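K.L.:
What follows is query02.tsv, TSV, C-alpha atoms.
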```
chain	number	residue	atom	x	y	z
A	1	MET	CA	-62.33	40.68	-0.71
A	2	ASN	CA	-60.61	42.26	-3.70
A	3	GLU	CA	-60.87	40.48	-7.01
A	4	THR	CA	-57.92	40.19	-9.36
A	5	HIS	CA	-58.67	41.99	-12.65
A	6	TRP	CA	-56.70	39.78	-15.06
A	7	GLY	CA	-57.89	41.75	-18.04
A	8	ASP	CA	-56.30	44.95	-16.73
A	9	ILE	CA	-53.06	43.15	-15.89
A	10	LEU	CA	-52.80	41.55	-19.33
A	11	THR	CA	-53.50	44.88	-20.99
A	12	PHE	CA	-50.79	46.53	-18.91
A	13	LEU	CA	-48.26	43.81	-19.75
A	14	PHE	CA	-49.10	44.09	-23.44
A	15	PHE	CA	-48.32	47.79	-23.48
A	16	VAL	CA	-45.08	47.20	-21.51
A	17	LEU	CA	-43.95	44.66	-24.09
A	18	LEU	CA	-44.98	46.94	-26.94
A	19	ALA	CA	-43.05	49.84	-25.44
A	20	THR	CA	-39.99	47.63	-24.93
A	21	ALA	CA	-40.13	46.42	-28.53
A	22	LEU	CA	-40.48	49.97	-29.85
A	23	TRP	CA	-37.59	51.11	-27.68
A	24	TYR	CA	-35.42	48.18	-28.78
A	25	GLY	CA	-36.25	48.79	-32.45
A	26	HIS	CA	-35.39	52.46	-32.07
A	27	ALA	CA	-32.12	51.55	-30.35
A	28	LEU	CA	-31.17	49.23	-33.19
A	29	GLN	CA	-31.87	51.89	-35.79
A	30	SER	CA	-30.32	54.85	-33.96
A	31	VAL	CA	-26.74	55.83	-34.76
A	32	ARG	CA	-24.31	55.98	-31.86
A	33	ASN	CA	-20.74	55.21	-30.78
A	34	ALA	CA	-19.56	51.92	-29.27
A	35	THR	CA	-16.25	50.29	-28.38
A	36	ILE	CA	-15.80	46.88	-29.95
A	37	PRO	CA	-12.87	44.44	-29.57
A	38	VAL	CA	-10.99	43.45	-32.73
A	39	ILE	CA	-9.00	40.22	-32.55
A	40	VAL	CA	-5.47	40.52	-34.01
A	41	SER	CA	-3.26	37.78	-35.46
A	42	TYR	CA	0.25	38.15	-36.91
A	43	THR	CA	1.79	36.45	-39.94
A	44	GLY	CA	5.05	36.52	-41.84
A	45	VAL	CA	7.29	35.78	-38.83
A	46	PRO	CA	10.10	33.28	-39.65
A	47	GLU	CA	10.30	30.32	-37.28
A	48	ASN	CA	13.75	31.33	-36.02
A	49	VAL	CA	12.68	34.86	-35.07
A	50	GLY	CA	11.68	35.67	-31.52
A	51	LEU	CA	9.31	38.53	-30.67
A	52	GLU	CA	8.50	40.46	-27.55
A	53	ARG	CA	5.07	38.87	-27.33
A	54	ASN	CA	4.02	41.06	-24.43
A	55	ARG	CA	4.32	44.04	-26.78
A	56	LEU	CA	2.05	42.50	-29.43
A	57	PRO	CA	-1.60	42.99	-28.43
A	58	ASP	CA	-4.00	40.18	-29.35
A	59	THR	CA	-6.97	42.57	-29.15
A	60	LEU	CA	-7.49	46.17	-30.27
A	61	LEU	CA	-10.25	48.33	-28.77
A	62	VAL	CA	-11.95	50.16	-31.63
A	63	ASP	CA	-14.41	53.03	-31.22
A	64	VAL	CA	-16.95	52.80	-34.04
A	65	ARG	CA	-20.00	54.88	-34.98
A	66	ASP	CA	-22.86	53.06	-36.68
A	67	ALA	CA	-26.46	51.94	-36.30
A	68	GLY	CA	-27.23	49.95	-33.18
A	69	TYR	CA	-27.98	46.71	-35.00
A	70	ARG	CA	-24.60	46.84	-36.73
A	71	LEU	CA	-22.79	47.45	-33.44
A	72	HIS	CA	-24.69	44.53	-31.95
A	73	THR	CA	-23.46	42.32	-34.81
A	74	TYR	CA	-19.84	43.34	-34.11
A	75	ARG	CA	-20.22	42.28	-30.49
A	76	LYS	CA	-21.63	38.88	-31.44
A	77	GLU	CA	-19.07	38.17	-34.17
A	78	ARG	CA	-15.85	39.94	-33.33
A	79	PRO	CA	-13.97	41.34	-36.34
A	80	GLN	CA	-10.54	39.79	-36.95
A	81	LEU	CA	-7.51	41.69	-38.23
A	82	THR	CA	-4.40	39.99	-39.67
A	83	ILE	CA	-1.15	41.97	-39.68
A	84	ASP	CA	1.79	40.80	-41.82
A	85	LEU	CA	5.13	41.46	-40.08
A	86	GLY	CA	7.32	39.82	-42.73
A	87	ASN	CA	8.32	43.01	-44.55
A	88	GLN	CA	9.68	44.52	-41.32
A	89	ILE	CA	12.02	41.70	-40.30
A	90	HIS	CA	15.56	42.14	-41.64
A	91	GLY	CA	18.88	41.17	-40.13
A	92	ASP	CA	19.56	39.50	-36.79
A	93	LYS	CA	17.60	41.97	-34.66
A	94	GLY	CA	15.58	45.14	-34.92
A	95	THR	CA	12.31	46.87	-34.13
A	96	ILE	CA	8.88	46.33	-35.70
A	97	ARG	CA	6.66	49.41	-35.97
A	98	ILE	CA	3.05	49.23	-37.10
A	99	SER	CA	1.88	52.81	-37.53
A	100	SER	CA	-1.57	54.10	-36.69
A	101	ASP	CA	-2.26	54.67	-40.41
A	102	ILE	CA	-1.64	50.99	-41.21
A	103	ILE	CA	-3.79	49.86	-38.29
A	104	ARG	CA	-6.65	52.20	-39.19
A	105	ARG	CA	-6.59	51.15	-42.86
A	106	GLY	CA	-6.64	47.49	-41.88
A	107	ILE	CA	-9.57	47.97	-39.51
A	108	THR	CA	-11.50	50.08	-42.01
A	109	ASP	CA	-11.17	47.26	-44.55
A	110	ILE	CA	-12.80	44.72	-42.24
A	111	LEU	CA	-15.66	46.97	-41.07
A	112	GLN	CA	-18.92	47.43	-42.94
A	113	GLY	CA	-19.18	50.40	-45.26
A	114	THR	CA	-21.66	52.19	-42.98
A	115	SER	CA	-19.29	52.07	-39.98
A	116	LYS	CA	-17.18	55.12	-39.22
A	117	LEU	CA	-13.93	54.47	-37.35
A	118	GLN	CA	-13.43	56.98	-34.53
A	119	SER	CA	-10.32	55.77	-32.68
A	120	VAL	CA	-8.12	52.73	-31.99
A	121	THR	CA	-6.35	51.68	-28.77
A	122	PRO	CA	-3.42	51.24	-28.91
A	123	GLU	CA	-2.80	53.62	-31.79
A	124	GLN	CA	0.41	51.92	-32.90
A	125	ILE	CA	2.34	48.70	-32.24
A	126	VAL	CA	6.06	48.61	-31.46
A	127	CYS	CA	8.09	45.53	-30.51
A	128	ASN	CA	11.65	44.25	-30.84
A	129	TYR	CA	12.65	41.07	-32.65
A	130	TYR	CA	15.80	38.94	-32.68
A	131	ARG	CA	17.13	35.92	-34.54
A	132	GLN	CA	17.41	32.71	-32.52
A	133	GLU	CA	19.69	29.67	-32.63
A	134	GLU	CA	18.05	26.82	-34.53
A	135	ARG	CA	18.51	23.08	-33.87
A	136	LEU	CA	16.87	19.89	-35.14
A	137	LEU	CA	16.38	17.52	-32.20
A	138	PRO	CA	14.93	13.99	-31.92
A	139	VAL	CA	11.57	13.38	-30.26
A	140	GLU	CA	11.15	10.69	-27.62
A	141	TRP	CA	7.71	9.47	-26.57
A	142	ALA	CA	6.97	8.37	-23.04
A	143	GLY	CA	4.19	6.16	-21.78
A	144	ASN	CA	2.71	2.73	-22.34
A	145	VAL	CA	0.68	1.05	-25.10
A	146	GLN	CA	-1.09	-2.28	-24.60
A	147	PRO	CA	-2.94	-4.41	-27.17
A	148	ALA	CA	-6.21	-6.16	-26.42
A	149	ALA	CA	-6.31	-9.89	-25.70
A	150	GLU	CA	-5.29	-12.02	-28.72
A	151	TYR	CA	-3.68	-9.00	-30.36
A	152	TYR	CA	-0.07	-7.87	-30.55
A	153	ILE	CA	1.75	-4.68	-31.52
A	154	VAL	CA	3.40	-4.91	-34.92
A	155	GLY	CA	6.87	-3.37	-34.84
A	156	LYS	CA	7.63	-0.27	-32.81
A	157	PRO	CA	5.17	2.61	-32.39
A	158	GLU	CA	6.05	5.30	-34.94
A	159	LEU	CA	6.44	9.01	-34.27
A	160	SER	CA	5.76	11.57	-36.97
A	161	PRO	CA	7.78	13.66	-37.24
A	162	GLU	CA	10.71	12.02	-35.48
A	163	TYR	CA	12.63	15.32	-35.28
A	164	VAL	CA	11.47	18.86	-34.48
A	165	LYS	CA	13.11	22.26	-34.67
A	166	VAL	CA	13.81	24.20	-31.49
A	167	TYR	CA	14.80	27.84	-31.18
A	168	GLY	CA	16.40	29.94	-28.49
A	169	ARG	CA	19.61	31.47	-27.23
A	170	LYS	CA	22.65	29.39	-28.19
A	171	ASP	CA	23.78	28.82	-24.60
A	172	ILE	CA	20.34	27.46	-23.70
A	173	VAL	CA	19.73	25.44	-26.88
A	174	ASP	CA	23.12	23.74	-26.43
A	175	THR	CA	21.89	22.20	-23.17
A	176	VAL	CA	18.90	20.47	-24.83
A	177	SER	CA	19.52	17.15	-26.61
A	178	ILE	CA	16.03	15.65	-26.90
A	179	ILE	CA	12.38	16.75	-26.88
A	180	ARG	CA	10.03	14.54	-24.89
A	181	THR	CA	6.29	14.10	-25.25
A	182	GLU	CA	3.70	14.19	-22.54
A	183	LEU	CA	2.88	10.78	-21.05
A	184	VAL	CA	0.57	8.66	-23.19
A	185	ALA	CA	-1.37	5.59	-22.06
A	186	LEU	CA	-3.24	3.44	-24.59
A	187	SER	CA	-4.82	0.08	-23.83
A	188	GLN	CA	-7.11	-2.54	-25.35
A	189	LEU	CA	-5.91	-1.67	-28.85
A	190	LYS	CA	-7.47	-3.72	-31.66
A	191	ASP	CA	-6.97	-1.48	-34.67
A	192	THR	CA	-4.23	0.75	-36.00
A	193	THR	CA	-4.37	3.79	-33.73
A	194	THR	CA	-2.93	7.27	-34.32
A	195	VAL	CA	-3.02	9.90	-31.57
A	196	GLN	CA	-1.63	13.41	-31.21
A	197	ILE	CA	0.72	13.86	-28.26
A	198	ALA	CA	1.69	17.26	-26.87
A	199	LEU	CA	5.39	18.05	-26.60
A	200	GLN	CA	7.13	19.16	-23.43
A	201	THR	CA	8.90	22.47	-24.02
A	202	PRO	CA	12.18	22.87	-22.12
A	203	GLN	CA	12.48	26.15	-20.26
A	204	GLY	CA	14.05	28.94	-22.25
A	205	VAL	CA	13.49	27.48	-25.73
A	206	ARG	CA	10.69	27.46	-28.27
A	207	VAL	CA	9.63	24.30	-30.13
A	208	GLY	CA	8.54	24.67	-33.75
A	209	ARG	CA	5.37	22.61	-33.22
A	210	ASP	CA	3.02	21.81	-30.34
A	211	SER	CA	2.54	18.09	-30.89
A	212	VAL	CA	3.53	14.99	-32.86
A	213	SER	CA	1.53	11.94	-33.90
A	214	LEU	CA	2.09	8.44	-32.52
A	215	LYS	CA	1.01	5.51	-34.69
A	216	VAL	CA	0.51	2.07	-33.15
A	217	VAL	CA	-0.20	-0.86	-35.49
A	218	THR	CA	-1.91	-3.90	-33.97
A	219	GLU	CA	-2.89	-7.24	-35.46
A	220	ARG	CA	-4.72	-10.32	-34.26
A	221	PHE	CA	-2.51	-13.37	-33.73
A	222	THR	CA	-3.27	-17.07	-34.04
A	223	GLU	CA	-1.48	-20.34	-33.24
A	224	LYS	CA	0.25	-22.84	-35.46
A	225	ALA	CA	1.54	-26.26	-34.31
A	226	PHE	CA	4.31	-28.52	-35.60
A	227	VAL	CA	5.64	-31.91	-34.54
A	228	VAL	CA	9.44	-31.84	-34.68
A	229	PRO	CA	12.26	-34.14	-33.50
A	230	ILE	CA	13.98	-33.25	-30.22
A	231	VAL	CA	17.67	-32.50	-30.68
A	232	VAL	CA	20.23	-33.11	-27.92
A	233	GLN	CA	22.97	-30.49	-27.72
A	234	ASN	CA	26.63	-30.90	-26.66
A	235	VAL	CA	26.75	-34.69	-26.91
A	236	PRO	CA	30.33	-35.94	-26.19
A	237	GLU	CA	32.06	-37.91	-28.95
A	238	GLY	CA	31.36	-41.63	-28.73
A	239	GLU	CA	28.13	-41.27	-26.76
A	240	CYS	CA	24.48	-41.33	-27.80
A	241	VAL	CA	21.34	-40.17	-26.03
A	242	ARG	CA	18.06	-41.96	-26.63
A	243	LEU	CA	14.99	-39.86	-25.71
A	244	PHE	CA	11.50	-40.93	-24.69
A	245	PRO	CA	9.60	-39.55	-26.57
A	246	GLN	CA	11.84	-38.48	-29.44
A	247	GLU	CA	9.45	-35.82	-30.82
A	248	ALA	CA	7.68	-32.81	-29.37
A	249	GLU	CA	4.78	-30.63	-30.42
A	250	VAL	CA	5.77	-26.98	-30.76
A	251	THR	CA	2.98	-24.38	-30.82
A	252	VAL	CA	3.85	-20.88	-31.98
A	253	GLN	CA	1.95	-17.59	-31.96
A	254	VAL	CA	2.01	-15.72	-35.27
A	255	GLY	CA	0.19	-12.73	-36.75
A	256	MET	CA	-2.71	-13.57	-39.05
A	257	SER	CA	-1.03	-11.87	-42.01
A	258	ARG	CA	2.19	-13.92	-41.48
A	259	PHE	CA	0.60	-17.31	-40.92
A	260	ALA	CA	1.96	-18.74	-44.18
A	261	ASP	CA	5.46	-17.37	-43.50
A	262	VAL	CA	6.12	-19.73	-40.57
A	263	SER	CA	6.97	-23.42	-41.04
A	264	ALA	CA	8.39	-26.34	-39.05
A	265	ASP	CA	11.85	-25.44	-40.32
A	266	ASP	CA	11.70	-22.24	-38.25
A	267	VAL	CA	11.61	-24.01	-34.86
A	268	VAL	CA	13.92	-26.40	-33.03
A	269	ALA	CA	13.04	-28.44	-29.94
A	270	GLN	CA	16.24	-29.10	-28.04
A	271	CYS	CA	17.71	-30.17	-24.71
A	272	ASP	CA	21.23	-30.26	-23.28
A	273	PHE	CA	23.29	-33.40	-22.67
A	274	PRO	CA	22.44	-34.66	-19.18
A	275	THR	CA	24.64	-33.94	-16.22
A	276	LYS	CA	25.31	-36.45	-13.48
A	277	GLY	CA	22.24	-37.18	-11.40
A	278	GLU	CA	19.62	-35.91	-13.86
A	279	GLU	CA	16.66	-38.20	-14.41
A	280	THR	CA	14.85	-36.12	-17.07
A	281	LEU	CA	15.89	-33.48	-19.57
A	282	GLU	CA	14.16	-30.09	-20.00
A	283	VAL	CA	13.01	-29.38	-23.55
A	284	ASN	CA	13.33	-25.80	-24.85
A	285	VAL	CA	12.28	-24.15	-28.10
A	286	LYS	CA	14.61	-22.09	-30.26
A	287	TYR	CA	13.38	-19.98	-33.18
A	288	THR	CA	14.81	-17.20	-35.37
A	289	ASN	CA	11.84	-16.33	-37.56
A	290	PRO	CA	10.94	-12.72	-36.65
A	291	TYR	CA	7.24	-13.41	-37.28
A	292	ILE	CA	7.04	-15.87	-34.38
A	293	LEU	CA	5.78	-13.98	-31.32
A	294	ASN	CA	6.01	-16.76	-28.76
A	295	ALA	CA	6.38	-20.53	-28.60
A	296	ARG	CA	5.70	-23.39	-26.21
A	297	VAL	CA	6.59	-27.06	-26.33
A	298	TYR	CA	4.93	-30.28	-25.15
A	299	PRO	CA	6.23	-32.26	-23.44
A	300	ASN	CA	8.64	-29.89	-21.73
A	301	GLU	CA	10.54	-32.78	-20.11
A	302	VAL	CA	11.64	-36.15	-21.52
A	303	GLU	CA	13.25	-39.29	-20.15
A	304	PHE	CA	16.51	-40.53	-21.59
A	305	ILE	CA	19.10	-43.25	-21.78
A	306	VAL	CA	22.80	-42.55	-22.48
A	307	GLU	CA	24.43	-45.20	-24.67
A	308	ARG	CA	28.19	-45.54	-25.02
```
Before anything else, please render the file you have as C-alpha cells.
P.N.:
Amino acid sequence: MNETHWGDILTFLFFVLLATALWYGHALQSVRNATIPVIVSYTGVPENVGLERNRLPDTLLVDVRDAGYRLHTYRKERPQLTIDLGNQIHGDKGTIRISSDIIRRGITDILQGTSKLQSVTPEQIVCNYYRQEERLLPVEWAGNVQPAAEYYIVGKPELSPEYVKVYGRKDIVDTVSIIRTELVALSQLKDTTTVQIALQTPQGVRVGRDSVSLKVVTERFTEKAFVVPIVVQNVPEGECVRLFPQEAEVTVQVGMSRFADVSADDVVAQCDFPTKGEETLEVNVKYTNPYILNARVYPNEVEFIVER
C-alpha cells in the first residue's frame, strides 16, 4: 500500500505558489499595451436642444501602454471623461464635431503621467442637434394615500414642482396638455411624508426632469363634545314645535393643533318641521368650521309636539 508523502506535496505546492507570485509580480511591473474603457459624459447642452443620442458614445475604447499594475487600476476604476458641447451649439440646428485632437487631449489629461496613449475608438464624434419646442405643463399625480387610524391628511398632498418643462416637435408637443406621474400608493401614514415619484413621458417628447416630490402632511385627531339646543327648521308661522329632549350632544373630530379653534358656536343640531304621519324627528349636525373633520349627534332622533 502506497503512503501519501504530505511533505513532498506541501513542498510542491509552496513552489507553485511562489512561482505564481513571482509571475504575477513580474506581470504587474512589465510594460505592455491594454485596451481600457473610458466613460464619457456630456455637458453644456441647453434643455431645449435635442441630440442624436445614438451618435454620442457613452464609452470610448482607449489603447494605453503602461505598467501592468497601472493598467489593472484602470480596469478596476474606469477613467471618466467629460466633454463640453456648449461652445458648438449655435442657432436652431447644426452639427457637433469633436475632433480626435480634442478627444486625445482630454483622455491624456485624465490618465496618469506614466501612461502613453496609443489610440482611441472612435477617433472623433459627430452628431446633429436641433432646437425643440418648449412648453410648461402641469403635473398630475395618480394613486392613493391613506392615513393610519386616528390620523387624517391635512389639506391636499402637495407636488413640487407643480409644473415641468417638456420639449419636442411643435406638432407633438401641442397634443400634450398634462404630465402624469407613475401610480403611488401610501398607507398607514403617521408623519409628514415626502416621496419621489417618477414621471410618465409621453411618446415623442422629452420631459425636463425624471421625477417630482409628493408631500403628504398628516396629524393625529381627537374629539371634542358640546351640548347645544336643537333647532327646528322651516316652522310655519303661528306654529311651535316642542322637542323631547330639547338639547343634543354633538361630538366633533378635530386635529390636535386646532383643538382650541373649535367651539360650540361652530355646530348646529337641527331637524326639519315634521310632515304628516311622522312620530319622531331626525336630528342632523351642520358645521362650517373647516377644522372640523367629522361630527355625530346624540340622540339622532327626538319626539315632538306641534302647538298651534
K.L.:
So that I can check the surroundings of Thr194 of chain A, please list as a PyMOL selection string every protein, DNA and RNA residue that reaches within 10 Å of it, counting only C-alpha atoms and ignoring chain neighbours fewer than 5 positions away.
P.N.:
chain A and resi 157-159+213-217
K.L.:
Which distance in Å separates atom CA of Asn289 of chain A and atom CA of Gly143 of chain A, to one decimal?
P.N.:
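Distance between the two atoms: 28.5 Å.
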K.L.:
Quick one: distance from atom CA of Leu85 of chain A to atom CA of Arg105 of chain A in Å, one decimal?
P.N.:
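Separating atom CA of Leu85 of chain A from atom CA of Arg105 of chain A is a distance of 15.5 Å.
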K.L.:
Considering only C-alpha atoms, state which residue in the set A:Val64, A:Pro37, A:Glu123, A:Thr193 is at the smallest distance from Arg78 of chain A.
P.N.:
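Among the listed residues, the smallest separation from Arg78 of chain A belongs to A:Pro37.
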K.L.:
Compare A:Gln132, A:Thr82, A:Thr201, A:Thr95 by their minimum atom-to-atom distance to Gly168 of chain A, counting only C-alpha atoms, and give me the closest one.
P.N.:
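The answer is A:Gln132, which sits nearest to Gly168 of chain A.
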K.L.:
Would you compute, for all listed atoms of segment 259-269 of chain A, the axis-aligned bounding box grown by 6 Å on each side, and then report its centre and edge lengths in Å rounded to one decimal, as AutoDock Vina command-line options?
P.N.:
```
--center_x 7.3 --center_y -22.9 --center_z -37.1 --size_x 25.3 --size_y 23.1 --size_z 26.2
```
K.L.:
Would you pick out the contacts of Pro274 of chain A at 9 Å or less, using all atoms listed in the file, so that residues sharing its chain but fewer than 3 positions from it are not included, and give the list as a list in words?
P.N.:
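Final neighbour list, sorted by chain and number: Val235, Val241, Cys271, Gly277, Glu278, Glu279, Thr280, Leu281, Phe304 and Val306 of chain A.
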K.L.:
Compile the contact shell of Arg169 of chain A as a list of chain:residue names: residues with an atom at most 9 Å away, counting only C-alpha atoms, same-chain residues fewer than 4 positions apart removed.
P.N.:
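Once the nearby chain positions are removed, what remains is A:Arg131, A:Gln132, A:Glu133, A:Glu134, A:Val173, A:Asp174, A:Gly204, A:Val205.
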K.L.:
Can you pull out the residues contacting Arg135 of chain A? Cut-off 7 Å, using all atoms listed in the file, and skip same-chain residues under 2 positions away; I want them as a PyMOL selection string.
P.N.:
chain A and resi 133+137+165-167
K.L.:
I'd like the interatomic distance between atom CA of Glu219 of chain A and atom CA of Ser257 of chain A, to a tenth of an Å.
P.N.:
8.2 Å
K.L.:
Could you tell me which of A:Ile39, A:Thr222, A:Thr114, A:Thr192 comes closest to Glu77 of chain A if we count all atoms listed in the file?
P.N.:
A:Ile39
K.L.:
Which one of A:Asn54, A:Asn284, A:Gln200, A:Thr218 sits closest to Gln188 of chain A if you count only C-alpha atoms?
P.N.:
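Of all the options, A:Thr218 lies closest to Gln188 of chain A.
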K.L.:
With a cut-off of 12 Å, could you pull out the residues of segment 109-223 of chain A touching segment 87-91 of chain A and give me the nearest pair of atoms for each, distance in Å to one decimal, using only C-alpha atoms, ordered by chain and ascending number, as a tab-separated table?
P.N.:
```
residue	atom	partner	partner_atom	distance
A:Val126	CA	A:Gln88	CA	11.3
A:Cys127	CA	A:Gln88	CA	11.0
A:Asn128	CA	A:Ile89	CA	9.8
A:Tyr129	CA	A:Ile89	CA	7.7
A:Tyr130	CA	A:Gly91	CA	8.4
A:Arg131	CA	A:Gly91	CA	7.9
A:Gln132	CA	A:Gly91	CA	11.5
```
K.L.:
May I have the protein, DNA and RNA residues with an atom at most 6 Å from (-16.5, 52.2, -36.2), counting only C-alpha atoms in the file's coordinates, returned as JSON, numbers by chain?
P.N.:
{"A": [63, 64, 65, 115, 116, 117, 118]}
K.L.:
Taking only C-alpha atoms into account, which of A:Glu303, A:Glu249, A:Glu237, A:Glu223 comes nearest Val262 of chain A?
P.N.:
A:Glu223
K.L.:
Reconstruct segment 213-222 of chain A at the level of all heavy atoms, and format the result as an mmCIF file, keeping the file's coordinate frame.
P.N.:
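As written to disk, selection27.cif reads:
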```
data_model
loop_
_atom_site.group_PDB
_atom_site.id
_atom_site.type_symbol
_atom_site.label_atom_id
_atom_site.label_comp_id
_atom_site.auth_asym_id
_atom_site.auth_seq_id
_atom_site.Cartn_x
_atom_site.Cartn_y
_atom_site.Cartn_z
ATOM 1 N N SER A 213 2.469 13.054 -33.865
ATOM 2 C CA SER A 213 1.530 11.940 -33.900
ATOM 3 C C SER A 213 2.253 10.633 -33.574
ATOM 4 O O SER A 213 3.416 10.450 -33.955
ATOM 5 C CB SER A 213 0.851 11.833 -35.268
ATOM 6 O OG SER A 213 1.795 11.517 -36.276
ATOM 7 N N LEU A 214 1.570 9.768 -32.856
ATOM 8 C CA LEU A 214 2.090 8.440 -32.520
ATOM 9 C C LEU A 214 1.181 7.401 -33.160
ATOM 10 O O LEU A 214 -0.027 7.390 -32.916
ATOM 11 C CB LEU A 214 2.128 8.247 -31.004
ATOM 12 C CG LEU A 214 2.657 6.888 -30.528
ATOM 13 C CD1 LEU A 214 4.151 6.772 -30.807
ATOM 14 C CD2 LEU A 214 2.375 6.688 -29.036
ATOM 15 N N LYS A 215 1.777 6.537 -33.984
ATOM 16 C CA LYS A 215 1.010 5.510 -34.690
ATOM 17 C C LYS A 215 1.360 4.145 -34.126
ATOM 18 O O LYS A 215 2.540 3.760 -34.071
ATOM 19 C CB LYS A 215 1.317 5.557 -36.192
ATOM 20 C CG LYS A 215 0.559 4.530 -37.017
ATOM 21 C CD LYS A 215 0.924 4.660 -38.488
ATOM 22 C CE LYS A 215 0.192 3.640 -39.344
ATOM 23 N NZ LYS A 215 0.573 3.753 -40.776
ATOM 24 N N VAL A 216 0.335 3.418 -33.692
ATOM 25 C CA VAL A 216 0.510 2.070 -33.150
ATOM 26 C C VAL A 216 -0.272 1.103 -34.024
ATOM 27 O O VAL A 216 -1.493 1.236 -34.168
ATOM 28 C CB VAL A 216 0.027 1.987 -31.685
ATOM 29 C CG1 VAL A 216 0.328 0.600 -31.119
ATOM 30 C CG2 VAL A 216 0.681 3.066 -30.828
ATOM 31 N N VAL A 217 0.438 0.127 -34.618
ATOM 32 C CA VAL A 217 -0.200 -0.860 -35.490
ATOM 33 C C VAL A 217 -0.394 -2.151 -34.701
ATOM 34 O O VAL A 217 0.552 -2.688 -34.112
ATOM 35 C CB VAL A 217 0.659 -1.129 -36.737
ATOM 36 C CG1 VAL A 217 -0.010 -2.175 -37.629
ATOM 37 C CG2 VAL A 217 0.886 0.162 -37.512
ATOM 38 N N THR A 218 -1.616 -2.645 -34.650
ATOM 39 C CA THR A 218 -1.910 -3.900 -33.970
ATOM 40 C C THR A 218 -2.508 -4.900 -34.954
ATOM 41 O O THR A 218 -3.086 -4.520 -35.979
ATOM 42 C CB THR A 218 -2.903 -3.693 -32.805
ATOM 43 O OG1 THR A 218 -4.109 -3.122 -33.323
ATOM 44 C CG2 THR A 218 -2.314 -2.782 -31.752
ATOM 45 N N GLU A 219 -2.353 -6.176 -34.616
ATOM 46 C CA GLU A 219 -2.890 -7.240 -35.460
ATOM 47 C C GLU A 219 -3.284 -8.424 -34.575
ATOM 48 O O GLU A 219 -2.651 -8.677 -33.548
ATOM 49 C CB GLU A 219 -1.854 -7.688 -36.494
ATOM 50 C CG GLU A 219 -2.378 -8.742 -37.454
ATOM 51 C CD GLU A 219 -1.308 -9.219 -38.431
ATOM 52 O OE1 GLU A 219 -0.111 -9.142 -38.088
ATOM 53 O OE2 GLU A 219 -1.672 -9.684 -39.514
ATOM 54 N N ARG A 220 -4.292 -9.116 -34.983
ATOM 55 C CA ARG A 220 -4.720 -10.320 -34.260
ATOM 56 C C ARG A 220 -3.716 -11.442 -34.525
ATOM 57 O O ARG A 220 -3.229 -11.590 -35.653
ATOM 58 C CB ARG A 220 -6.112 -10.739 -34.729
ATOM 59 C CG ARG A 220 -6.816 -11.697 -33.778
ATOM 60 C CD ARG A 220 -8.176 -12.083 -34.316
ATOM 61 N NE ARG A 220 -8.972 -12.746 -33.290
ATOM 62 C CZ ARG A 220 -9.849 -12.148 -32.524
ATOM 63 N NH1 ARG A 220 -10.069 -10.842 -32.681
ATOM 64 N NH2 ARG A 220 -10.510 -12.800 -31.593
ATOM 65 N N PHE A 221 -3.403 -12.232 -33.505
ATOM 66 C CA PHE A 221 -2.510 -13.370 -33.730
ATOM 67 C C PHE A 221 -3.275 -14.676 -33.585
ATOM 68 O O PHE A 221 -4.358 -14.732 -32.990
ATOM 69 C CB PHE A 221 -1.296 -13.330 -32.801
ATOM 70 C CG PHE A 221 -1.598 -13.496 -31.337
ATOM 71 C CD1 PHE A 221 -1.884 -14.747 -30.796
ATOM 72 C CD2 PHE A 221 -1.567 -12.395 -30.489
ATOM 73 C CE1 PHE A 221 -2.152 -14.896 -29.457
ATOM 74 C CE2 PHE A 221 -1.840 -12.546 -29.135
ATOM 75 C CZ PHE A 221 -2.134 -13.795 -28.620
ATOM 76 N N THR A 222 -2.702 -15.744 -34.132
ATOM 77 C CA THR A 222 -3.270 -17.070 -34.040
ATOM 78 C C THR A 222 -2.162 -18.043 -33.685
ATOM 79 O O THR A 222 -1.008 -17.634 -33.488
ATOM 80 C CB THR A 222 -3.956 -17.475 -35.351
ATOM 81 O OG1 THR A 222 -4.640 -18.710 -35.174
ATOM 82 C CG2 THR A 222 -2.940 -17.607 -36.481
#
```
